[in-house]
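Structure below is start-v2.txt: compact mmCIF, C-alpha atoms.
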```txt
# COMPACT_ATOMS: atom_id res chain seq x y z
CA MET F 286 0.00 0.00 0.00
CA TYR F 287 0.96 3.64 -0.31
CA LEU F 288 2.72 4.26 2.99
CA PRO F 289 4.61 7.55 3.48
CA ASP F 290 7.07 7.42 6.38
CA HIS F 291 5.00 9.72 8.61
CA PHE F 292 1.98 7.37 8.40
CA VAL F 293 3.82 4.13 9.18
CA GLU F 294 2.44 2.48 12.33
CA ALA F 295 5.78 1.45 13.81
CA ASN F 296 4.52 0.54 17.27
CA GLN F 297 4.31 -3.26 17.33
CA SER F 298 1.89 -3.40 20.24
CA GLU F 299 -0.45 -1.06 18.36
CA VAL F 300 -0.30 -3.32 15.30
CA ALA F 301 -1.07 -6.35 17.49
CA ALA F 302 -3.90 -4.44 19.17
CA LEU F 303 -5.45 -3.49 15.81
CA ILE F 304 -5.49 -7.16 14.75
CA ALA F 305 -6.96 -8.17 18.13
CA ASP F 306 -9.54 -5.37 18.22
CA TYR F 307 -10.69 -5.67 14.57
CA PRO F 308 -10.33 -9.41 13.94
CA LEU F 309 -12.75 -9.67 10.99
CA ALA F 310 -10.13 -9.64 8.21
CA ALA F 311 -10.81 -9.61 4.49
CA ILE F 312 -8.69 -12.49 3.25
CA VAL F 313 -7.91 -11.96 -0.42
CA ALA F 314 -6.21 -14.34 -2.84
CA GLN F 315 -5.56 -14.51 -6.53
CA THR F 316 -6.80 -17.87 -7.86
CA ALA F 317 -7.20 -19.62 -11.20
CA GLN F 318 -10.79 -18.35 -11.09
CA GLY F 319 -9.81 -14.75 -10.40
CA MET F 320 -9.47 -12.77 -7.21
CA ILE F 321 -11.52 -14.00 -4.25
CA ALA F 322 -12.15 -12.31 -0.91
CA ASN F 323 -13.82 -13.54 2.26
CA HIS F 324 -14.33 -11.80 5.59
CA ILE F 325 -13.21 -14.15 8.34
CA PRO F 326 -12.48 -13.63 12.06
CA VAL F 327 -8.84 -14.51 12.65
CA MET F 328 -6.36 -14.11 15.45
CA ALA F 329 -2.60 -13.92 15.79
CA GLU F 330 -0.67 -16.90 17.10
CA GLY F 331 2.56 -15.40 18.32
CA ASP F 332 4.22 -12.95 15.94
CA THR F 333 4.44 -15.26 12.95
CA MET F 334 1.02 -16.71 12.33
CA LEU F 335 -2.67 -15.94 11.87
CA ILE F 336 -5.22 -18.68 12.53
CA GLY F 337 -8.89 -19.11 11.69
CA HIS F 338 -11.47 -21.42 10.15
CA VAL F 339 -14.17 -21.37 7.51
CA ALA F 340 -17.12 -23.48 6.52
CA LEU F 341 -16.21 -26.53 4.46
CA ASN F 342 -18.80 -25.15 2.02
CA ASN F 343 -16.61 -22.07 1.51
CA ASP F 344 -14.75 -22.77 -1.72
CA MET F 345 -11.70 -20.80 -0.66
CA HIS F 346 -9.97 -23.93 0.65
CA ARG F 347 -10.49 -25.58 -2.73
CA LEU F 348 -9.55 -22.51 -4.81
CA ILE F 349 -6.43 -21.52 -2.87
CA PRO F 350 -3.64 -24.11 -2.91
CA ASP F 351 -1.65 -24.73 0.27
CA HIS F 352 1.28 -22.29 0.67
CA ALA F 353 -0.30 -19.79 -1.73
CA ASP F 354 0.05 -16.08 -1.01
CA VAL F 355 -2.91 -14.34 0.61
CA LEU F 356 -3.48 -10.87 1.97
CA ALA F 357 -5.35 -10.40 5.26
CA ILE F 358 -6.74 -6.87 5.51
CA PHE F 359 -7.67 -5.47 8.94
CA LYS F 360 -9.42 -2.11 9.27
CA GLY F 361 -9.84 -0.09 12.43
CA GLU F 362 -11.85 3.08 12.83
CA ASP F 363 -11.91 5.69 10.10
CA GLY F 364 -13.40 9.10 9.60
CA TYR F 365 -13.66 12.09 7.30
CA VAL F 366 -11.50 15.11 8.14
CA SER F 367 -12.97 18.44 7.09
CA PRO F 368 -10.78 21.55 6.69
CA ASN F 369 -13.25 23.13 9.13
CA LEU F 370 -11.67 21.03 11.90
CA TYR F 371 -8.36 22.91 11.62
CA PRO F 372 -8.20 26.03 13.80
CA THR F 373 -5.53 27.44 11.46
CA LYS F 374 -7.97 27.42 8.56
CA PRO F 375 -9.18 31.04 8.82
CA ALA F 376 -5.55 32.26 8.83
CA HIS F 377 -4.63 30.96 5.37
CA HIS F 378 -7.31 28.60 4.04
CA ARG F 379 -4.59 26.31 2.74
CA HIS F 380 -6.26 23.04 3.71
CA VAL F 381 -8.13 20.33 1.86
CA PRO F 382 -10.28 17.45 3.13
CA THR F 383 -8.77 14.07 3.89
CA TRP F 384 -9.59 10.80 5.56
CA ASN F 385 -8.01 9.34 8.68
CA TYR F 386 -7.85 5.62 9.39
CA GLN F 387 -5.85 2.73 10.79
CA VAL F 388 -5.27 -0.40 8.71
CA VAL F 389 -3.02 -3.44 8.87
CA HIS F 390 -2.26 -5.47 5.75
CA VAL F 391 -0.76 -8.86 6.56
CA ALA F 392 0.79 -10.82 3.70
CA GLY F 393 1.34 -14.52 4.21
CA ARG F 394 1.13 -18.08 2.97
CA ILE F 395 -1.95 -20.06 3.85
CA THR F 396 -2.25 -23.75 4.67
CA PHE F 397 -5.55 -25.49 5.36
CA GLN F 398 -5.94 -27.93 8.23
CA HIS F 399 -8.42 -30.77 7.97
CA ASP F 400 -7.31 -32.90 10.90
CA ASP F 401 -9.61 -32.98 13.89
CA LYS F 402 -6.94 -32.14 16.48
CA THR F 403 -5.79 -28.96 14.75
CA LYS F 404 -9.37 -27.86 14.08
CA ARG F 405 -10.27 -28.29 17.75
CA ALA F 406 -7.16 -26.39 18.84
CA ILE F 407 -7.82 -23.43 16.52
CA VAL F 408 -11.56 -23.26 17.21
CA GLY F 409 -10.77 -23.57 20.90
CA ARG F 410 -8.33 -20.64 20.91
CA LEU F 411 -10.69 -18.33 19.01
CA THR F 412 -13.62 -19.30 21.22
CA ARG F 413 -11.69 -18.87 24.45
CA ASP F 414 -10.50 -15.40 23.54
CA HIS F 415 -13.85 -14.05 22.36
CA GLU F 416 -15.85 -15.72 25.12
CA ARG F 417 -13.60 -14.44 27.88
CA ALA F 418 -13.71 -10.94 26.44
CA MET F 419 -17.51 -10.97 26.21
CA ASN F 420 -18.66 -13.22 29.02
CA GLY F 421 -15.81 -13.48 31.52
CA GLU F 422 -16.61 -16.14 34.11
CA ALA F 423 -19.77 -17.09 32.20
CA ALA F 424 -17.78 -17.91 29.06
CA TRP F 425 -19.35 -20.55 26.84
CA ARG F 426 -17.08 -23.54 26.31
CA MET F 427 -17.06 -26.13 23.56
CA ALA F 428 -17.66 -28.76 26.23
CA ASP F 429 -21.03 -27.13 26.98
CA ALA F 430 -22.40 -28.54 23.71
CA PRO F 431 -23.30 -32.23 23.24
CA ARG F 432 -20.38 -34.26 21.89
CA ASP F 433 -22.21 -35.53 18.78
CA TYR F 434 -23.27 -31.99 17.91
CA MET F 435 -19.72 -30.59 18.25
CA GLU F 436 -18.38 -33.44 16.11
CA THR F 437 -20.90 -32.61 13.39
CA MET F 438 -20.01 -28.92 13.57
CA LEU F 439 -16.25 -29.58 13.47
CA ALA F 440 -16.72 -31.89 10.48
CA ALA F 441 -18.36 -28.97 8.64
CA ILE F 442 -15.36 -26.62 8.89
CA VAL F 443 -11.76 -26.39 7.78
CA ALA F 444 -9.12 -24.54 9.80
CA PHE F 445 -6.22 -22.59 8.37
CA ARG F 446 -2.92 -21.05 9.33
CA ILE F 447 -1.34 -18.08 7.57
CA GLU F 448 2.43 -17.90 7.95
CA ILE F 449 3.15 -14.17 8.00
CA THR F 450 5.65 -12.97 5.38
CA GLY F 451 5.12 -9.23 5.74
CA ILE F 452 3.10 -6.59 7.57
CA ALA F 453 2.30 -3.08 6.37
CA ALA F 454 0.55 -1.02 9.04
CA LYS F 455 -0.72 2.51 8.52
CA SER F 456 -2.04 4.97 11.08
CA LYS F 457 -3.12 7.99 9.07
CA LEU F 458 -3.91 10.25 11.99
CA SER F 459 -3.02 13.86 11.10
CA GLN F 460 0.60 13.37 12.23
CA ASN F 461 1.59 15.79 9.47
CA ARG F 462 -0.51 18.64 10.92
CA GLU F 463 0.30 21.49 13.25
CA ALA F 464 -0.39 20.68 16.90
CA VAL F 465 -3.47 22.91 17.07
CA ASP F 466 -4.99 21.34 13.93
CA HIS F 467 -4.13 17.85 15.18
CA ALA F 468 -5.99 18.68 18.41
CA GLY F 469 -8.99 19.87 16.39
CA VAL F 470 -9.23 16.50 14.66
CA VAL F 471 -8.88 14.61 17.96
CA ALA F 472 -11.76 16.62 19.42
CA SER F 473 -13.95 15.88 16.40
CA PHE F 474 -13.24 12.15 16.47
CA LYS F 475 -13.99 12.06 20.17
CA ALA F 476 -17.28 13.87 19.57
CA ARG F 477 -18.17 11.38 16.82
CA GLY F 478 -17.52 8.37 19.05
CA LEU F 479 -14.29 7.41 17.26
CA ASP F 480 -12.67 6.99 20.66
CA ARG F 481 -10.01 4.50 19.69
CA MET F 482 -8.57 6.73 16.96
CA ALA F 483 -8.76 9.74 19.25
CA ALA F 484 -6.92 7.84 22.01
CA ARG F 485 -4.22 6.73 19.57
CA MET F 486 -3.75 10.33 18.42
CA ARG F 487 -3.42 11.57 21.99
CA ARG F 488 -0.96 8.81 22.85
CA ARG F 489 1.25 9.90 19.97
CA ASP F 490 1.39 13.36 21.50
CA SER F 491 3.07 12.02 24.60
CA ASP F 492 5.54 9.18 24.63
CA ASP F 493 5.06 6.93 21.65
CA MET T 177 -16.99 -14.79 -1.57
CA TYR T 178 -18.80 -17.59 0.19
CA LEU T 179 -22.41 -16.42 0.01
CA PRO T 180 -25.18 -18.82 1.06
CA ASP T 181 -28.62 -17.76 -0.20
CA HIS T 182 -29.90 -16.80 3.26
CA PHE T 183 -27.05 -14.29 3.73
CA VAL T 184 -27.36 -12.52 0.36
CA GLU T 185 -28.10 -8.82 0.83
CA ALA T 186 -30.69 -8.54 -1.93
CA ASN T 187 -32.01 -5.10 -0.98
CA GLN T 188 -30.42 -2.66 -3.43
CA SER T 189 -30.98 0.38 -1.25
CA GLU T 190 -29.22 -1.39 1.64
CA VAL T 191 -26.26 -2.15 -0.63
CA ALA T 192 -26.12 1.49 -1.72
CA ALA T 193 -26.41 2.61 1.91
CA LEU T 194 -23.52 0.37 3.00
CA ILE T 195 -21.29 1.90 0.31
CA ALA T 196 -22.37 5.40 1.32
CA ASP T 197 -22.06 4.79 5.07
CA TYR T 198 -18.70 2.95 4.95
CA PRO T 199 -16.95 4.65 2.02
CA LEU T 200 -13.36 3.77 2.95
CA ALA T 201 -12.96 0.81 0.58
CA ALA T 202 -9.97 -1.48 0.35
CA ILE T 203 -9.16 -1.44 -3.35
CA VAL T 204 -7.26 -4.57 -4.26
CA ALA T 205 -5.60 -5.47 -7.56
CA GLN T 206 -3.32 -8.15 -8.85
CA THR T 207 -0.32 -6.52 -10.54
CA ALA T 208 2.97 -7.57 -12.11
CA GLN T 209 4.49 -6.84 -8.68
CA GLY T 210 1.99 -8.95 -6.78
CA MET T 211 -1.25 -8.11 -5.04
CA ILE T 212 -1.64 -4.52 -3.85
CA ALA T 213 -4.29 -3.00 -1.61
CA ASN T 214 -5.04 0.59 -0.65
CA HIS T 215 -7.79 2.01 1.54
CA ILE T 216 -9.44 4.87 -0.31
CA PRO T 217 -12.68 6.78 0.27
CA VAL T 218 -14.88 6.27 -2.78
CA MET T 219 -18.48 6.97 -3.71
CA ALA T 220 -20.99 5.56 -6.14
CA GLU T 221 -21.83 7.51 -9.27
CA GLY T 222 -25.21 6.11 -10.25
CA ASP T 223 -25.49 2.32 -10.23
CA THR T 224 -22.60 1.61 -12.55
CA MET T 225 -19.54 3.45 -11.26
CA LEU T 226 -17.37 4.14 -8.23
CA ILE T 227 -15.25 7.29 -8.19
CA GLY T 228 -12.33 8.44 -6.09
CA HIS T 229 -8.82 9.85 -6.15
CA VAL T 230 -5.38 9.09 -4.73
CA ALA T 231 -2.09 10.89 -4.29
CA LEU T 232 0.04 10.97 -7.40
CA ASN T 233 2.73 9.49 -5.13
CA ASN T 234 0.56 6.40 -4.66
CA ASP T 235 2.01 3.86 -7.10
CA MET T 236 -1.32 2.16 -7.69
CA HIS T 237 -2.00 4.28 -10.77
CA ARG T 238 1.35 3.17 -12.21
CA LEU T 239 1.02 -0.49 -11.17
CA ILE T 240 -2.57 -1.02 -12.31
CA PRO T 241 -3.14 -0.59 -16.05
CA ASP T 242 -6.28 1.15 -17.24
CA HIS T 243 -9.27 -1.22 -17.55
CA ALA T 244 -7.66 -3.77 -15.21
CA ASP T 245 -9.87 -5.66 -12.79
CA VAL T 246 -9.98 -4.42 -9.21
CA LEU T 247 -11.98 -5.38 -6.15
CA ALA T 248 -13.39 -2.67 -3.87
CA ILE T 249 -14.18 -4.08 -0.43
CA PHE T 250 -16.59 -2.23 1.85
CA LYS T 251 -17.16 -3.36 5.44
CA GLY T 252 -19.95 -2.25 7.73
CA GLU T 253 -20.32 -3.11 11.40
CA ASP T 254 -19.41 -6.55 12.68
CA GLY T 255 -19.56 -8.37 15.97
CA TYR T 256 -19.00 -11.66 17.74
CA VAL T 257 -22.06 -13.79 18.45
CA SER T 258 -21.80 -15.93 21.57
CA PRO T 259 -24.04 -18.99 22.06
CA ASN T 260 -24.95 -17.30 25.36
CA LEU T 261 -26.99 -14.76 23.35
CA TYR T 262 -29.48 -17.42 22.26
CA PRO T 263 -32.36 -17.91 24.71
CA THR T 264 -32.86 -21.44 23.33
CA LYS T 265 -29.38 -22.47 24.47
CA PRO T 266 -30.32 -23.99 27.85
CA ALA T 267 -32.94 -26.19 26.15
CA HIS T 268 -30.54 -28.12 23.92
CA HIS T 269 -27.05 -26.50 23.94
CA ARG T 270 -26.81 -27.11 20.19
CA HIS T 271 -25.21 -23.76 19.32
CA VAL T 272 -21.71 -22.62 18.40
CA PRO T 273 -20.17 -19.13 18.23
CA THR T 274 -20.26 -17.17 15.00
CA TRP T 275 -19.63 -13.68 13.66
CA ASN T 276 -22.17 -11.30 12.15
CA TYR T 277 -21.27 -8.61 9.64
CA GLN T 278 -22.26 -6.70 6.54
CA VAL T 279 -19.88 -6.43 3.58
CA VAL T 280 -20.09 -5.38 -0.05
CA HIS T 281 -17.53 -6.59 -2.58
CA VAL T 282 -17.63 -4.56 -5.79
CA ALA T 283 -15.73 -5.94 -8.78
CA GLY T 284 -14.93 -3.56 -11.59
CA ARG T 285 -12.51 -2.16 -14.13
CA ILE T 286 -10.52 0.90 -13.13
CA THR T 287 -9.42 3.82 -15.30
CA PHE T 288 -7.28 6.67 -14.02
CA GLN T 289 -8.09 10.28 -14.85
CA HIS T 290 -5.31 12.82 -15.10
CA ASP T 291 -7.17 15.67 -16.75
CA ASP T 292 -7.89 18.68 -14.61
CA LYS T 293 -11.60 18.87 -15.41
CA THR T 294 -12.35 15.28 -14.38
CA LYS T 295 -10.22 15.60 -11.25
CA ARG T 296 -12.10 18.75 -10.20
CA ALA T 297 -15.44 17.07 -10.85
CA ILE T 298 -14.61 13.94 -8.84
CA VAL T 299 -12.98 15.82 -5.96
CA GLY T 300 -15.93 18.21 -5.98
CA ARG T 301 -18.51 15.44 -5.70
CA LEU T 302 -16.74 13.69 -2.85
CA THR T 303 -16.18 16.96 -1.01
CA ARG T 304 -19.77 18.13 -1.42
CA ASP T 305 -21.21 14.91 -0.08
CA HIS T 306 -18.97 14.63 2.97
CA GLU T 307 -19.05 18.34 3.78
CA ARG T 308 -22.84 18.54 3.61
CA ALA T 309 -23.15 15.46 5.78
CA MET T 310 -20.77 16.84 8.39
CA ASN T 311 -21.16 20.60 8.23
CA GLY T 312 -24.49 21.33 6.51
CA GLU T 313 -24.75 25.03 5.78
CA ALA T 314 -21.19 25.59 6.98
CA ALA T 315 -19.82 23.15 4.39
CA TRP T 316 -16.26 23.86 3.27
CA ARG T 317 -16.04 24.43 -0.48
CA MET T 318 -13.06 24.11 -2.79
CA ALA T 319 -13.53 27.79 -3.64
CA ASP T 320 -12.73 28.65 0.00
CA ALA T 321 -9.07 27.83 -0.67
CA PRO T 322 -6.73 30.12 -2.64
CA ARG T 323 -6.68 29.28 -6.34
CA ASP T 324 -2.90 28.64 -6.52
CA TYR T 325 -3.11 26.31 -3.53
CA MET T 326 -5.99 24.29 -5.02
CA GLU T 327 -4.12 24.01 -8.31
CA THR T 328 -1.06 22.67 -6.51
CA MET T 329 -3.18 20.19 -4.59
CA LEU T 330 -5.06 19.01 -7.69
CA ALA T 331 -1.75 18.56 -9.52
CA ALA T 332 -0.67 16.17 -6.74
CA ILE T 333 -3.55 13.71 -7.20
CA VAL T 334 -4.98 11.38 -9.81
CA ALA T 335 -8.68 10.55 -9.99
CA PHE T 336 -10.17 7.22 -10.98
CA ARG T 337 -13.39 5.62 -12.06
CA ILE T 338 -14.27 1.98 -11.49
CA GLU T 339 -16.83 0.61 -13.93
CA ILE T 340 -18.79 -1.92 -11.88
CA THR T 341 -18.88 -5.43 -13.34
CA GLY T 342 -20.34 -7.27 -10.34
CA ILE T 343 -21.50 -6.81 -6.77
CA ALA T 344 -21.59 -9.44 -4.03
CA ALA T 345 -23.28 -8.17 -0.88
CA LYS T 346 -23.60 -10.18 2.32
CA SER T 347 -25.60 -9.40 5.44
CA LYS T 348 -24.76 -12.18 7.87
CA LEU T 349 -27.27 -11.26 10.54
CA SER T 350 -28.63 -14.41 12.21
CA GLN T 351 -31.34 -14.81 9.55
CA ASN T 352 -30.96 -18.57 9.97
CA ARG T 353 -31.88 -18.46 13.66
CA GLU T 354 -35.14 -18.95 15.51
CA ALA T 355 -36.98 -15.68 16.17
CA VAL T 356 -36.19 -15.67 19.88
CA ASP T 357 -32.47 -16.25 19.27
CA HIS T 358 -32.42 -13.62 16.52
CA ALA T 359 -33.94 -11.17 19.03
CA GLY T 360 -31.26 -12.07 21.56
CA VAL T 361 -28.54 -11.11 19.09
CA VAL T 362 -30.30 -7.83 18.20
CA ALA T 363 -30.46 -6.92 21.87
CA SER T 364 -26.75 -7.63 22.33
CA PHE T 365 -25.71 -5.60 19.28
CA LYS T 366 -27.85 -2.72 20.48
CA ALA T 367 -26.23 -2.90 23.92
CA ARG T 368 -22.76 -2.92 22.29
CA GLY T 369 -23.51 0.18 20.22
CA LEU T 370 -23.74 -1.76 16.94
CA ASP T 371 -26.91 0.17 16.18
CA ARG T 372 -26.78 -0.04 12.42
CA MET T 373 -26.61 -3.84 12.38
CA ALA T 374 -29.33 -4.04 15.03
CA ALA T 375 -31.56 -1.74 12.98
CA ARG T 376 -31.00 -3.82 9.84
CA MET T 377 -31.90 -6.97 11.74
CA ARG T 378 -35.12 -5.44 13.07
CA ARG T 379 -36.06 -4.16 9.63
CA ARG T 380 -35.74 -7.66 8.26
CA ASP T 381 -38.27 -8.81 10.85
CA SER T 382 -40.91 -6.53 9.39
CA ASP T 383 -41.22 -5.75 5.72
CA ASP T 384 -37.95 -6.27 3.90
```
Serialized structure, structure tokens:
Amino acid sequence: MYLPDHFVEANQSEVAALIADYPLAAIVAQTAQGMIANHIPVMAEGDTMLIGHVALNNDMHRLIPDHADVLAIFKGEDGYVSPNLYPTKPAHHRHVPTWNYQVVHVAGRITFQHDDKTKRAIVGRLTRDHERAMNGEAAWRMADAPRDYMETMLAAIVAFRIEITGIAAKSKLSQNREAVDHAGVVASFKARGLDRMAARMRRRDSDD
Amino acid sequence: MYLPDHFVEANQSEVAALIADYPLAAIVAQTAQGMIANHIPVMAEGDTMLIGHVALNNDMHRLIPDHADVLAIFKGEDGYVSPNLYPTKPAHHRHVPTWNYQVVHVAGRITFQHDDKTKRAIVGRLTRDHERAMNGEAAWRMADAPRDYMETMLAAIVAFRIEITGIAAKSKLSQNREAVDHAGVVASFKARGLDRMAARMRRRDSDD
């Protein structure tokens, strides 16, 4: 992607947080039948891998050969930036509209996993994370469902791993603006409920 | 994409609304240098075209030949669905987690526009729409900026049109669930601030 130096998201914990906070990635691949894209919740496994699963009915595991290149696209919050948000505007009117956003593009090589043990492990990890985040002590567990039902459900999916070969992360957050204009954008995002972007912008002001 | 019949978003005004409400598309293309993706705010021009512009420094207009196929990926709200959200769970425990979301994948052929008149027209349309939505009567207009500044800025961008060749739209919104479970998910989304998805789910209950 187009990634000027001042918009590179160089903070590795922020990149990891974007993947964790916006896990529904668009996974795109070029295949013999053209480009295909599917939105799939994934998660990082260490620093080198993404994991997830899809329905066996989803042709992607038939169209994409093992070890083929895929792109997993994660998108955080985004919002329009009007010149009206810049307090310096009346002084010179040398501003144009833009768009702020945070995205992470993960390139990697995918392999599909059909064996029961790997499927259970990957489904288990995703479930644990999302259930704990949503339900805490009341987290649903795979063991809560009848065994025959879980076996039927697991037979209807295929898991995958994406070995990460490259990450391009962009936080386009008015870093190239004067402090007073930057603050004007933060205030607007906050007012619009884009709290995560606003917090990231404020954090940049201090130590990061 | 994997698109079972019950998750097809067949309502054309909903598809148009998703593009209008979530305009920051990931535009993906296969090039001689591999797959490239850029997040770019675009808008529909009628039913047949998407329009937008990028920085001249963005290599995509050099890497993607005119009339090449691209995919523009729009993503609306999304959220985890825990089995705990289904009131029928205690009766049989035959539920697993899933993810709900709305996405629109627009396939098309891109052409880049370097002439000043087309660039002004496309920038003008995008600006008008976003400024009116955000600032109403106080909308910023291109004419507010000094002429030499606007000419410099316009010289630094390239516009594009994408002629739409296909649209795949998916609203994965618990349509395949019992009414009481569907209502449980709506209530959770509402509580989590995922109002747009919740509203779409309720609308489906009535007339659409």
Residues of chain F near chain T: apply a cut-off of 7 Å, count only C-alpha atoms, and supply the list as a PyMOL selection string.
chain F and resi 286-287+321-323+343-344+367-369+378-379+416+425+429-431+434
Tell me, in Å to one decimal, how far atom CA of Asp242 of chain T is from atom CA of His290 of chain T.
11.9 Å
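The environment of Met328 of chain F within 10 Å, counting all atoms listed in the file and disregarding residues fewer than 4 places along the same chain, consists of Ala301, Ile304, Ala305, Asp306, Tyr307, Pro308, Leu309, Ala310, Met334, Leu335, Ile336, Gly337, Ile407, Arg410, Leu411, Asp414 and Arg446 of chain F.
The space separating atom CA of Gly284 of chain T from atom CA of Ile343 of chain T comes to 8.8 Å.
Closest approach to Gln297 of chain F among F:Arg481, F:Val443, F:Val389, F:Thr403 is made by F:Val389 (distances from all atoms listed in the file).
For the pair atom CA of His358 of chain T and atom CA of Ala374 of chain T, the separation is 10.2 Å.
Minimum atom-to-atom distances from T:Ala267, T:Ala220, T:Ala186, T:Ala208 to Phe336 of chain T were compared using only C-alpha atoms, and the lowest value belongs to T:Ala220.
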Counting all atoms listed in the file, write as a ChimeraX atom specification all protein and nucleic acid residues lying at most 10 Å from (0.0, 18.6, -11.0) in the file's frame.
/T:232,290-292,327-334
Got a sec: who's within 7 Å of Arg394 of chain F, counting only C-alpha atoms, leaving out chain neighbours fewer than 4 positions off, as an mmCIF file with C-alpha atoms, keeping the file's coordinate frame?
```cif
data_model
loop_
_atom_site.group_PDB
_atom_site.id
_atom_site.type_symbol
_atom_site.label_atom_id
_atom_site.label_comp_id
_atom_site.auth_asym_id
_atom_site.auth_seq_id
_atom_site.Cartn_x
_atom_site.Cartn_y
_atom_site.Cartn_z
ATOM 1 C CA HIS F 352 1.280 -22.290 0.670
ATOM 2 C CA ALA F 353 -0.300 -19.790 -1.730
ATOM 3 C CA ASP F 354 0.050 -16.080 -1.010
ATOM 4 C CA VAL F 355 -2.910 -14.340 0.610
ATOM 5 C CA ILE F 447 -1.340 -18.080 7.570
ATOM 6 C CA GLU F 448 2.430 -17.900 7.950
ATOM 7 C CA ILE F 449 3.150 -14.170 8.000
#
```
